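These notes are about the structure you will find just below.
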2 protein chains.
Amino acid sequence: MTDQQRPPLRLGIAGLGTVGGGVVAIVQQHGALLAARAGCRIEITAITARNRSRDRGVDLSSYAWEDDPVALARREDVDVLIEVMGGEDGPAKAAVEAAIAGGKHVVTANKAMMAIHGQSMAEGAEAAGVALRYEAGVAGGIPIVKALGEGLAANIITRVMGVMNGTCNYILTQMEKTGADYADVLEDAKRLGYAEADPSFDVGGIDAAHKLALLASLGFGTKVDFQGVVIEGIERITLADIRHAADMGFRIKLLGVAQMTDMGLEQRMQPCLVPAHTPIGQLDGVMNAVVIEGDQVGQIFLQGPGAGAGPTASAIMADVIDIARGLTGPAMGLPAAQLVAAPRAGDASSAEFYLRLLLKDAPGVLAKVASALGEEGVSIRQMRQYDHDGEAAPLLIVTHSATRSAIDGAMGRIGAMEYSLEAPVALRIEHV
Amino acid sequence: MTDQQRPPLRLGIAGLGTVGGGVVAIVQQHGALLAARAGCRIEITAITARNRSRDRGVDLSSYAWEDDPVALARREDVDVLIEVMGGEDGPAKAAVEAAIAGGKHVVTANKAMMAIHGQSMAEGAEAAGVALRYEAGVAGGIPIVKALGEGLAANIITRVMGVMNGTCNYILTQMEKTGADYADVLEDAKRLGYAEADPSFDVGGIDAAHKLALLASLGFGTKVDFQGVVIEGIERITLADIRHAADMGFRIKLLGVAQMTDMGLEQRMQPCLVPAHTPIGQLDGVMNAVVIEGDQVGQIFLQGPGAGAGPTASAIMADVIDIARGLTGPAMGLPAAQLVAAPRAGDASSAEFYLRLLLKDAPGVLAKVASALGEEGVSIRQMRQYDHDGEAAPLLIVTHSATRSAIDGAMGRIGAMEYSLEAPVALRIEHV
């Protein structure tokens with residue numbers, strides 16, 4: 001059938017914030033392009049949002065209004081629910097479940113919801129024979145769900161890595177560039193709209209961990225397991241860490257890594273030192289990047305904007321076009337019943353670590369630190385003591401490869417010493 | 001249906017070189033993975049190659065042998081023809097046309113064939129209701145056809161750029177790294193297997209231009225128009241050019257650029273100066289990279305291996321999995337009848353240019369060069385004369401933005417001067 005003959009694909013949009021507004025704009029502006037690429041017209045029939053009266057700068061007068069997202073999801077004139085409200089539970093979840101139960105496709109940007117409820121929603125969508133797609137939820141405009149779940153589907157995936165929170169990458173980049181402290185840059189980021197008033201989801205690594213959990217499921221054929229992600233935020237990273245890392249040829253990134261190990265699925269979202277000359281080491285500002293390693297393909301690197309109305313709407317409409325083209329297969333690339341509940345490996349794999357200690361400048365302290373490391377089986381590859389004023393001496397150590405538990409053991413011993421003036425910091429070095 | 005219930009998807013492989021061998025290996029080794037992701041078993045039923053007796057290191061004994069690729073394409077037990085023989089005409093084209101005529105899907109790595117015959121083959125595949133896919137033909141393992149044709153399908157694409165010939169990028173990178181001349185590095189590349197005995201398709205830019213023509217069609221909704229690509233190879237790039245470019249903060253890449261202009265579709269594959277600090281400027285060795293710019297998404301960057309058995313087989317099998325999943329839509333993202341024959345803009349858009357002249361060191365020569373440029377409307381932004389021995393003085397100029405025809409006019413005037421000791425070289429500066 002030509003696109004004139006096929007019935008239109010009708011969207012119900014739940015949420016009219018930045019992303020929802022972007023979706024409305026793209027449908028209004030790119031009607032002919034979308035119809036040509038989808039093979040049928042794409043129409044918005046109904047909308048819902050918390051506040052009906054707010055001026056959103058787009059003409060919404062031709063769309064039916066619903067106060068209740070669930071009612072929107074159930075409308076007979078909606079074929080696809082576009083869920084861009086956010087929130088892992090509450091109205092978003094209720095609307096998505098209602099849509100699936102009613103045999104409607106779902107396209108969502110809601111990584112929190114998918115990271116927590118992805119498995120049950122994937123099962124529901126499969127049972128109902130509808131698509132459940134979330135490209136916009138992971139790394140914004142980068143078509144990474146597609147690249148991993150389709151483009152590299154013939155590979156045994158060996159590692160997935162990503163810098164997937166633009167707020168964190170902006171803060172770390174700005175600290176390095178301006179020499180300002182974490183707290184000052186965070187305030188700037190709030191003023192510029194790059195960080196929320198409550199930034200804990202971003203700087204605490206939770207937002208990025210949601211995304212990593214989805215990529216891990218796609219890449220390794222496992223049930224989405226957000227609770228299995230080891231999460232550390234960037235709050236303790238100091239300007240000194242950034243400078244010292246740079247001296248050694250590294251940059252600090254909030255890096256997500258997922259890999260299958262002998263002990264199970266390792267998923268971690270942590271500040272890491274990465275080699276400065278690599279594409280991921282070079283990533284500046286609010287950009288996102290993902291590295292995928294597969295047994296056939298080797299290493300693929302993708303970079304692009306991780307947020308914003310345009311990039312997110314681009315991803316949402318790509319999912320809509322795919323649905324129009326008939327791509328309504330399983331959400332995680334495999335039938336939900338085949339997804340494996342992998343054992344959680346925590347962040348058990350060995351690595352070199354960067355350690356930052358603040359010690360009282362007294363005779364014998366270095367020896368005590370060295371022996372604490374030695375007793376846990378951690379050997380020192382590189383040690384630097386920088387100039388300091390007063391009696392607090394900063395000490396930096398790069399270890400040879402060690403397990404996280406050995407490092408934690410050594411950090412515990414050192415932190416308990418009377419000479420230790422602040423809790424020691426250990427950052428993994430990831431060779432990307 | 002589960003994958004146990006669905007009939008297998010049966011492949012006929014035409015060509016058993018590096019790529020064909022890679023496809024056989026992946027099907028033999030990843031059977032369960034492919035079945036799970038495709039939703040049905042993937043089987044090889046028949047094969048063909050020029051030489052039946054060669055040992056290819058894989059067990060081919062369970063596959064039917066055909067001497068004739070067309071006969072292979074017509075077999076009743078073949079659902080998908082995998083065409084990895086190469087060559088724009090001849091057996092490859094005959095086999096693909098026979099497959100399409102017989103209602104079989106086609107997956108090919110053959111960019112030359114697709115660049116020349118893509119439009120007619122896309123029309124044929126559409127009429128027959130079969131898929132025609134060529135992910136492996138463009139930038140090897142990078143899922144760029146998918147990213148552009150599906151992942152960014154909701155965008156008006158504004159520019160597509162790529163470094164898509166690993167041989168050229170290897171040569172340019174090695175020249176810079178080792179200080180060796182073009183000819184020496186080319187010989188090394190041949191010894192290492194990075195360059196063919198007759199390297200003219202690679203170093204002449206033709207291979208990369210085939211790929212660019214396909215991306216341009218996908219991105220801009222135009223008929224594949226390889227003849228419309230302005231092509232220049234890297235043969236005239238000297239070590240001095242690379243060094244001088246580096247002095248000014250640039251690196252030289254064989255860069256493909258496609259963009260829609262007021263004058264029509266601009267497609268060019270040329271050595272260009274690109275800013276050294278950008279991801280594409282940093283690309284080393286045999287890697288490929290593609291930049292896509294869209295009105296919604298902004299800029300996306302993808303990098304990965306452009307050749308080799310594993311990466312190419314990864315791309316081919318992704319296409320096969322897509323076909324198993326039912327993704328059998330038009331080859332160029334739009335119905336072939338909707339693809340536009342865009343006017344050819346050549347490389348008409350304005351840019352800054354890098355000019356390299358070799359002039360007789362005599363009074364008044366500089367003034368003559370400057371006035372030749374001025375008469376064509378080209379103004380000088382930066383000029384450098386390096387130390388030199390003897391009477392041949394190398395002169396480097398960076399111009400302000402100028403049209404190609406103005407630059408060509410000036411180069412013609414300067415080249416015709418008695419003081420000009422070699423044909424002047426003009427390289428476009430592309431801001432990526």
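Quick note on naming: the chains in the structure tokens go A, B, ... in the order shown, residues restart at 1 in each chain, and ligands are numbered from 1 in order of appearance.
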Once you count only C-alpha atoms, which residues of chain A turn out to be within 6 Å of chain B? Could you give them as a list in words?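 On the chain A side, the interface is Arg37, Gly141, Pro143, Gly151, Ala153, Ala154, Gln296, Val297, Ile300, Phe301, Leu302, Gln303, Gly304, Gly310, Pro311, Ser314, Met317, Ala318 and Leu334 of chain A.
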Would you list the contacts of Asp184 in chain B as a CSV table (one decimal) with N, CA and C atoms, in the first residue's frame, taking every protein, DNA or RNA residue within 12 Å and counting only C-alpha atoms, but skipping same-chain residues closer than 3 positions in sequence?
```
chain,number,residue,atom,x,y,z
B,171,ILE,N,47.4,5.4,5.5
B,171,ILE,CA,48.6,6.0,4.8
B,171,ILE,C,48.8,7.4,5.3
B,172,LEU,N,47.8,8.2,5.4
B,172,LEU,CA,48.0,9.6,5.9
B,172,LEU,C,48.5,9.6,7.4
B,174,GLN,N,50.2,7.2,8.9
B,174,GLN,CA,51.6,6.7,8.9
B,174,GLN,C,52.6,7.7,8.4
B,175,MET,N,52.2,8.4,7.4
B,175,MET,CA,53.1,9.5,6.9
B,175,MET,C,53.4,10.5,8.0
B,178,THR,N,55.5,8.5,10.9
B,178,THR,CA,56.9,8.1,10.7
B,178,THR,C,57.7,9.0,9.9
B,179,GLY,N,57.1,10.0,9.3
B,179,GLY,CA,57.8,11.0,8.5
B,179,GLY,C,58.2,10.4,7.1
B,180,ALA,N,57.6,9.3,6.7
B,180,ALA,CA,57.9,8.7,5.5
B,180,ALA,C,57.0,9.3,4.4
B,181,ASP,N,57.5,9.2,3.1
B,181,ASP,CA,56.8,9.7,2.0
B,181,ASP,C,55.6,8.8,1.6
B,187,GLU,N,53.7,1.4,-0.2
B,187,GLU,CA,54.4,0.1,-0.3
B,187,GLU,C,54.2,-0.7,1.0
B,188,ASP,N,54.5,-0.1,2.1
B,188,ASP,CA,54.3,-0.8,3.4
B,188,ASP,C,52.8,-1.3,3.6
B,189,ALA,N,51.9,-0.4,3.2
B,189,ALA,CA,50.5,-0.8,3.3
B,189,ALA,C,50.2,-2.0,2.5
B,190,LYS,N,50.8,-2.1,1.3
B,190,LYS,CA,50.6,-3.3,0.4
B,190,LYS,C,51.2,-4.5,1.1
B,191,ARG,N,52.4,-4.4,1.7
B,191,ARG,CA,53.0,-5.5,2.4
B,191,ARG,C,52.1,-6.0,3.5
B,238,THR,N,51.6,15.5,0.2
B,238,THR,CA,53.0,15.3,0.6
B,238,THR,C,53.1,15.4,2.1
B,239,LEU,N,54.3,14.9,2.6
B,239,LEU,CA,54.6,15.0,4.0
B,239,LEU,C,54.6,16.4,4.4
```
Who sits within 10 Å of Ala258 in chain A, only C-alpha atoms, same chain under 6 positions skipped, as a compact mmCIF listing (two decimals) with N, CA and C atoms, in the first residue's frame:
```txt
# COMPACT_ATOMS: atom_id res chain seq x y z
N ILE A 157 28.38 -9.66 22.77
CA ILE A 157 28.86 -8.38 23.29
C ILE A 157 29.79 -8.66 24.48
N THR A 158 30.94 -8.02 24.47
CA THR A 158 31.90 -8.28 25.54
C THR A 158 31.96 -7.15 26.57
N ARG A 159 31.68 -5.93 26.14
CA ARG A 159 31.67 -4.82 27.09
C ARG A 159 30.86 -3.67 26.51
N VAL A 160 30.10 -3.01 27.36
CA VAL A 160 29.39 -1.79 26.99
C VAL A 160 29.81 -0.71 27.97
N MET A 161 30.21 0.42 27.46
CA MET A 161 30.65 1.52 28.33
C MET A 161 29.98 2.80 27.88
N GLY A 162 29.76 3.69 28.80
CA GLY A 162 29.19 4.95 28.35
C GLY A 162 29.31 6.08 29.34
N LEU A 212 22.43 2.54 31.88
CA LEU A 212 23.36 1.40 31.79
C LEU A 212 22.62 0.08 31.96
N ALA A 213 21.68 0.03 32.90
CA ALA A 213 20.93 -1.22 33.14
C ALA A 213 20.18 -1.65 31.88
N LEU A 215 21.07 -0.85 28.68
CA LEU A 215 22.06 -1.31 27.69
C LEU A 215 22.60 -2.69 28.05
N ALA A 216 22.79 -2.94 29.33
CA ALA A 216 23.30 -4.25 29.75
C ALA A 216 22.31 -5.36 29.36
N SER A 217 21.03 -5.11 29.58
CA SER A 217 20.02 -6.10 29.22
C SER A 217 20.05 -6.38 27.73
N GLY A 219 22.50 -5.82 25.60
CA GLY A 219 23.77 -6.36 25.12
C GLY A 219 24.01 -7.79 25.55
N PHE A 220 23.57 -8.13 26.77
CA PHE A 220 23.92 -9.43 27.30
C PHE A 220 22.75 -10.40 27.39
N VAL A 229 23.27 -2.66 39.72
CA VAL A 229 24.30 -1.69 39.30
C VAL A 229 24.98 -1.11 40.55
N LEU A 265 27.14 -10.84 35.86
CA LEU A 265 27.07 -9.57 35.15
C LEU A 265 27.58 -8.44 36.04
N GLU A 266 28.64 -7.81 35.58
CA GLU A 266 29.18 -6.65 36.29
C GLU A 266 28.56 -5.40 35.69
N GLN A 267 27.92 -4.60 36.52
CA GLN A 267 27.35 -3.33 36.09
C GLN A 267 27.79 -2.27 37.08
N ARG A 268 28.49 -1.27 36.60
CA ARG A 268 28.90 -0.22 37.54
C ARG A 268 28.86 1.15 36.87
N MET A 269 28.46 2.11 37.66
CA MET A 269 28.42 3.51 37.22
C MET A 269 29.22 4.29 38.26
N ILE A 292 30.81 0.26 22.42
CA ILE A 292 30.34 -1.13 22.43
C ILE A 292 31.46 -2.02 21.90
N ASP A 347 31.17 -4.88 41.44
CA ASP A 347 32.28 -4.35 40.64
C ASP A 347 33.54 -5.13 40.99
```
In Å and to one decimal, CA of Arg6 in chain B is distant from CA of Asp77 in chain B by 15.3 Å
According to DSSP computed on the backbone, where in range 126-279 of chain B is there strand (DSSP E)? Give the residues as a PyMOL selection string. chain B and resi 132-133+157-163+230-231+250-261+264-275
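Around Gly233 in chain A, within 10 Å and counting only C-alpha atoms, the residues found are A:Cys168, A:Ser200, A:Phe201, A:Asp202, A:Val203, A:Gly204, A:Gly205, A:Ile206, A:Ala208, A:Leu254, A:Met269, A:Gln270, A:Pro271, once anything fewer than 6 positions away on its own chain is removed.
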Dump N, CA and C atoms for the selected residues as a CSV table (one decimal), in the first residue's frame?
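Below is the file part30.csv, written as the result:
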```
chain,number,residue,atom,x,y,z
A,168,CYS,N,26.8,15.6,34.6
A,168,CYS,CA,28.1,15.2,35.2
A,168,CYS,C,29.2,15.5,34.3
A,200,SER,N,20.5,15.3,42.7
A,200,SER,CA,21.1,14.1,43.2
A,200,SER,C,20.9,12.9,42.2
A,201,PHE,N,19.9,12.9,41.4
A,201,PHE,CA,19.7,11.8,40.4
A,201,PHE,C,20.9,11.8,39.4
A,202,ASP,N,21.2,13.1,39.0
A,202,ASP,CA,22.3,13.2,38.1
A,202,ASP,C,23.7,13.0,38.7
A,203,VAL,N,24.1,13.8,39.6
A,203,VAL,CA,25.4,13.8,40.2
A,203,VAL,C,25.6,12.5,41.0
A,204,GLY,N,24.6,11.9,41.5
A,204,GLY,CA,24.7,10.7,42.2
A,204,GLY,C,24.8,9.5,41.4
A,205,GLY,N,24.7,9.6,40.0
A,205,GLY,CA,24.9,8.5,39.1
A,205,GLY,C,23.7,7.7,38.8
A,206,ILE,N,22.6,8.0,39.5
A,206,ILE,CA,21.4,7.2,39.4
A,206,ILE,C,20.8,7.2,37.9
A,208,ALA,N,22.2,7.9,35.1
A,208,ALA,CA,23.1,7.2,34.2
A,208,ALA,C,23.0,5.7,34.4
A,254,LEU,N,32.3,10.2,34.7
A,254,LEU,CA,31.4,9.3,35.3
A,254,LEU,C,31.0,8.2,34.2
A,269,MET,N,28.5,2.1,37.7
A,269,MET,CA,28.4,3.5,37.2
A,269,MET,C,29.2,4.3,38.3
A,270,GLN,N,30.4,4.7,37.9
A,270,GLN,CA,31.4,5.3,38.8
A,270,GLN,C,32.2,6.3,38.1
A,271,PRO,N,32.7,7.3,38.9
A,271,PRO,CA,33.8,8.1,38.3
A,271,PRO,C,35.0,7.2,38.1
```
Separation of CA of Ile47 in chain B from CA of Tyr63 in chain B in Å: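 For CA of Tyr63 in chain B relative to CA of Ile47 in chain B, the distance reads 6.5 Å.
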